[in-house]
Amino acid sequence: MSTKEGIVKYQCEYTPGPALPVAQISELNAWRKLMVISGLIGQDANRYGGYGFGNISRRLDDIDLADRLHPFVITGTQTGDKADLSPNDYVVVTACYPAENRLVAAGPVAPSSESLTHGAVYALDSHILWVVHAHSPEIWHNAAALGVPMTADVPYGTPEMAAEVRRLFVESDLAQKRIFGMAGHEDGVVTYGATAEAAGFAMLTYLVRALQLQERKS
Ligand SMILES: [Zn+2]
């Protein structure tokens with residue numbers, strides 16, 4: 001089963017609020033730009049019914065709370081068509097409850113429909129500070145050959161997806177590889193890390209490996 005991007009399934013308690021300072025989103029924005037250039041994040045009339053795809057987030061570790069709510073900054077919903085984003089395109093998810101399919105957010109734009117998946121990744125380990133969700137047919141279709149752990153075929157942005165991410169973290173080599181694919185979400189791939197470089201280069205490294213595999217097949 002594949003699901004279309006851009007359909008908000010979870011319950012989002014969103015409150016409009018001010019944008020974050022540029023300094024807090026500049027690194028996010030630079031990495032997003034690279035992902036857009038690489039075709040890993042964006043919007044294309046010929047892909048996924050024309051919905052925006054992919055998103056990037058970072059934890060606000062300076063306000064990491066003891067209650068493990070893991071506040072993080074993420075791109076706003078349906079920003080995929082914009083080549084360049086401004087602080088007005090980012091929003092803070094202040095609390096995320098993957099098991100309840102619910103999150104709380106505040107900022108100038110409502111959060112991406114895949115914030116719950118990002119929240120589920122942050123909940124794995126307090127050292128995870130960056131998450132990239134991209135759409136790569138190259139990586140996704142070659143996941144087995146690349147050794148990329150895959151979730152079961154469950155829809156994204158659901159408690160089932162959050163549970164699958166947790167299962168992979170415990171049962172597969174996800175913790176070492178920091179990449180997984182989403183079987184129920186066409187071309188959906190997630191990487192993460194303690195730094196933007198760790199998360200971003202993990203995605204690019206696997207894309208390059210996938211392109212080499214395709215080269216050999218053709
Ligand atoms: Zn997606």
# chains A, B, ... in the order shown; residues from 1 in each chain; ligands from 1
$ residues_around --residues "range 13-25 of chain A" --least-positions-apart "3" --cutoff "9 Å" --atoms "only C-alpha atoms" --output "MDAnalysis selection string"
chainID A and resid 28:30 58 60 73 86:93 102:111
$ write_last_selection --atoms "N, CA and C atoms" --output "PDB file, in the first residue's frame"
ATOM      1  N   LEU A  28      19.594  24.333   9.084  1.00  0.00           N
ATOM      2  CA  LEU A  28      18.494  23.520   8.540  1.00  0.00           C
ATOM      3  C   LEU A  28      18.212  23.908   7.099  1.00  0.00           C
ATOM      4  N   ASN A  29      18.143  25.209   6.894  1.00  0.00           N
ATOM      5  CA  ASN A  29      17.754  25.731   5.590  1.00  0.00           C
ATOM      6  C   ASN A  29      18.804  25.405   4.535  1.00  0.00           C
ATOM      7  N   ALA A  30      20.082  25.472   4.922  1.00  0.00           N
ATOM      8  CA  ALA A  30      21.158  25.172   3.974  1.00  0.00           C
ATOM      9  C   ALA A  30      21.114  23.699   3.577  1.00  0.00           C
ATOM     10  N   ARG A  58      15.340  19.575  13.144  1.00  0.00           N
ATOM     11  CA  ARG A  58      16.407  19.506  14.143  1.00  0.00           C
ATOM     12  C   ARG A  58      15.819  19.682  15.527  1.00  0.00           C
ATOM     13  N   LEU A  60      15.568  21.048  19.262  1.00  0.00           N
ATOM     14  CA  LEU A  60      15.966  22.230  20.029  1.00  0.00           C
ATOM     15  C   LEU A  60      16.564  21.711  21.325  1.00  0.00           C
ATOM     16  N   VAL A  73      12.363  21.657  15.504  1.00  0.00           N
ATOM     17  CA  VAL A  73      11.952  22.570  14.430  1.00  0.00           C
ATOM     18  C   VAL A  73      11.828  21.772  13.149  1.00  0.00           C
ATOM     19  N   SER A  86      12.113  30.622   4.266  1.00  0.00           N
ATOM     20  CA  SER A  86      12.458  31.675   5.222  1.00  0.00           C
ATOM     21  C   SER A  86      12.045  31.180   6.605  1.00  0.00           C
ATOM     22  N   PRO A  87      12.399  31.917   7.657  1.00  0.00           N
ATOM     23  CA  PRO A  87      11.965  31.500   9.003  1.00  0.00           C
ATOM     24  C   PRO A  87      10.452  31.315   9.105  1.00  0.00           C
ATOM     25  N   ASN A  88       9.701  31.985   8.239  1.00  0.00           N
ATOM     26  CA  ASN A  88       8.241  31.850   8.258  1.00  0.00           C
ATOM     27  C   ASN A  88       7.755  30.495   7.754  1.00  0.00           C
ATOM     28  N   ASP A  89       8.674  29.686   7.211  1.00  0.00           N
ATOM     29  CA  ASP A  89       8.308  28.363   6.697  1.00  0.00           C
ATOM     30  C   ASP A  89       8.673  27.239   7.669  1.00  0.00           C
ATOM     31  N   TYR A  90       9.141  27.599   8.850  1.00  0.00           N
ATOM     32  CA  TYR A  90       9.522  26.590   9.845  1.00  0.00           C
ATOM     33  C   TYR A  90       8.654  26.733  11.098  1.00  0.00           C
ATOM     34  N   VAL A  91       8.436  25.624  11.771  1.00  0.00           N
ATOM     35  CA  VAL A  91       7.546  25.611  12.929  1.00  0.00           C
ATOM     36  C   VAL A  91       8.158  24.728  14.015  1.00  0.00           C
ATOM     37  N   VAL A  92       7.850  25.037  15.264  1.00  0.00           N
ATOM     38  CA  VAL A  92       8.361  24.245  16.385  1.00  0.00           C
ATOM     39  C   VAL A  92       7.295  23.249  16.832  1.00  0.00           C
ATOM     40  N   VAL A  93       7.656  21.968  16.813  1.00  0.00           N
ATOM     41  CA  VAL A  93       6.806  20.940  17.413  1.00  0.00           C
ATOM     42  C   VAL A  93       7.227  20.864  18.878  1.00  0.00           C
ATOM     43  N   ARG A 102      -0.592  12.168  18.064  1.00  0.00           N
ATOM     44  CA  ARG A 102      -0.937  13.548  18.400  1.00  0.00           C
ATOM     45  C   ARG A 102       0.327  14.372  18.602  1.00  0.00           C
ATOM     46  N   LEU A 103       0.286  15.630  18.167  1.00  0.00           N
ATOM     47  CA  LEU A 103       1.393  16.520  18.481  1.00  0.00           C
ATOM     48  C   LEU A 103       0.898  17.941  18.682  1.00  0.00           C
ATOM     49  N   VAL A 104       1.773  18.738  19.325  1.00  0.00           N
ATOM     50  CA  VAL A 104       1.478  20.133  19.628  1.00  0.00           C
ATOM     51  C   VAL A 104       2.535  20.978  18.939  1.00  0.00           C
ATOM     52  N   ALA A 105       2.116  22.032  18.234  1.00  0.00           N
ATOM     53  CA  ALA A 105       3.076  22.842  17.487  1.00  0.00           C
ATOM     54  C   ALA A 105       2.705  24.316  17.568  1.00  0.00           C
ATOM     55  N   ALA A 106       3.728  25.169  17.455  1.00  0.00           N
ATOM     56  CA  ALA A 106       3.513  26.610  17.464  1.00  0.00           C
ATOM     57  C   ALA A 106       4.493  27.267  16.506  1.00  0.00           C
ATOM     58  N   GLY A 107       4.008  28.235  15.733  1.00  0.00           N
ATOM     59  CA  GLY A 107       4.880  28.935  14.796  1.00  0.00           C
ATOM     60  C   GLY A 107       4.073  29.572  13.690  1.00  0.00           C
ATOM     61  N   PRO A 108       4.781  30.119  12.688  1.00  0.00           N
ATOM     62  CA  PRO A 108       4.083  30.855  11.624  1.00  0.00           C
ATOM     63  C   PRO A 108       3.381  29.974  10.592  1.00  0.00           C
ATOM     64  N   VAL A 109       3.619  28.649  10.648  1.00  0.00           N
ATOM     65  CA  VAL A 109       3.014  27.753   9.659  1.00  0.00           C
ATOM     66  C   VAL A 109       2.740  26.408  10.342  1.00  0.00           C
ATOM     67  N   ALA A 110       1.720  25.705   9.908  1.00  0.00           N
ATOM     68  CA  ALA A 110       1.422  24.382  10.483  1.00  0.00           C
ATOM     69  C   ALA A 110       2.524  23.400  10.098  1.00  0.00           C
ATOM     70  N   PRO A 111       2.788  22.402  10.942  1.00  0.00           N
ATOM     71  CA  PRO A 111       3.911  21.499  10.674  1.00  0.00           C
ATOM     72  C   PRO A 111       3.644  20.529   9.530  1.00  0.00           C
TER      73      PRO A 111
END
$ select_by_dssp --residues "range 133-212 of chain A" --states "strand (DSSP E)" --output "MDAnalysis selection string"
chainID A and resid 133:135 179:181 188:193
$ residues_near_ligand --ligand "ligand 1" --cutoff "7 Å" --atoms "only C-alpha atoms and all ligand atoms" --output "MDAnalysis selection string"
chainID A and resid 5 53:54 114 133:135 185 188
$ write_last_selection --atoms "C-alpha atoms" --output "PDB file, in the first residue's frame"
ATOM      1  CA  GLU A   5       2.213  12.780   0.653  1.00  0.00           C
ATOM      2  CA  PHE A  53       7.703  15.464  -0.483  1.00  0.00           C
ATOM      3  CA  GLY A  54      10.413  15.214   2.141  1.00  0.00           C
ATOM      4  CA  GLU A 114       5.229  13.740   8.689  1.00  0.00           C
ATOM      5  CA  HIS A 133      13.061  12.490   5.474  1.00  0.00           C
ATOM      6  CA  ALA A 134      13.564  12.265   1.735  1.00  0.00           C
ATOM      7  CA  HIS A 135      11.951  10.530  -1.197  1.00  0.00           C
ATOM      8  CA  HIS A 185       5.341   5.103   1.810  1.00  0.00           C
ATOM      9  CA  GLY A 188      10.253   7.241   1.663  1.00  0.00           C
TER      10      GLY A 188
END
$ residues_around --residues "Leu207 in chain A" --least-positions-apart "2" --cutoff "10 Å" --atoms "only C-alpha atoms" --output "VMD selection string"
chain A and resid 38 40 136 to 140 142 146 201 to 205 209 to 213
$ closest_residue --among "A:Asn55, A:Gln214, A:Thr191, A:Thr94" --to "Leu129 in chain A" --atoms "only C-alpha atoms"
A:Thr191
$ closest_residue --among "A:Glu197, A:Glu186, A:Asp153, A:Glu160" --to "Glu27 in chain A" --atoms "only C-alpha atoms"
A:Glu197
$ closest_residue --among "A:Glu164, A:Glu215, A:Asp125, A:Glu171" --to "Tyr192 in chain A" --atoms "only C-alpha atoms"
A:Asp125
$ closest_residue --among "A:Ser218, A:Gln11, A:Asn46, A:Thr195" --to "Ile128 in chain A" --atoms "only C-alpha atoms"
A:Thr195
$ residues_around --residues "Glu100 in chain A" --least-positions-apart "3" --cutoff "12 Å" --atoms "only C-alpha atoms" --output "ChimeraX atom specification"
/A:9-12,95-97,103-104,116,119-120,157-163
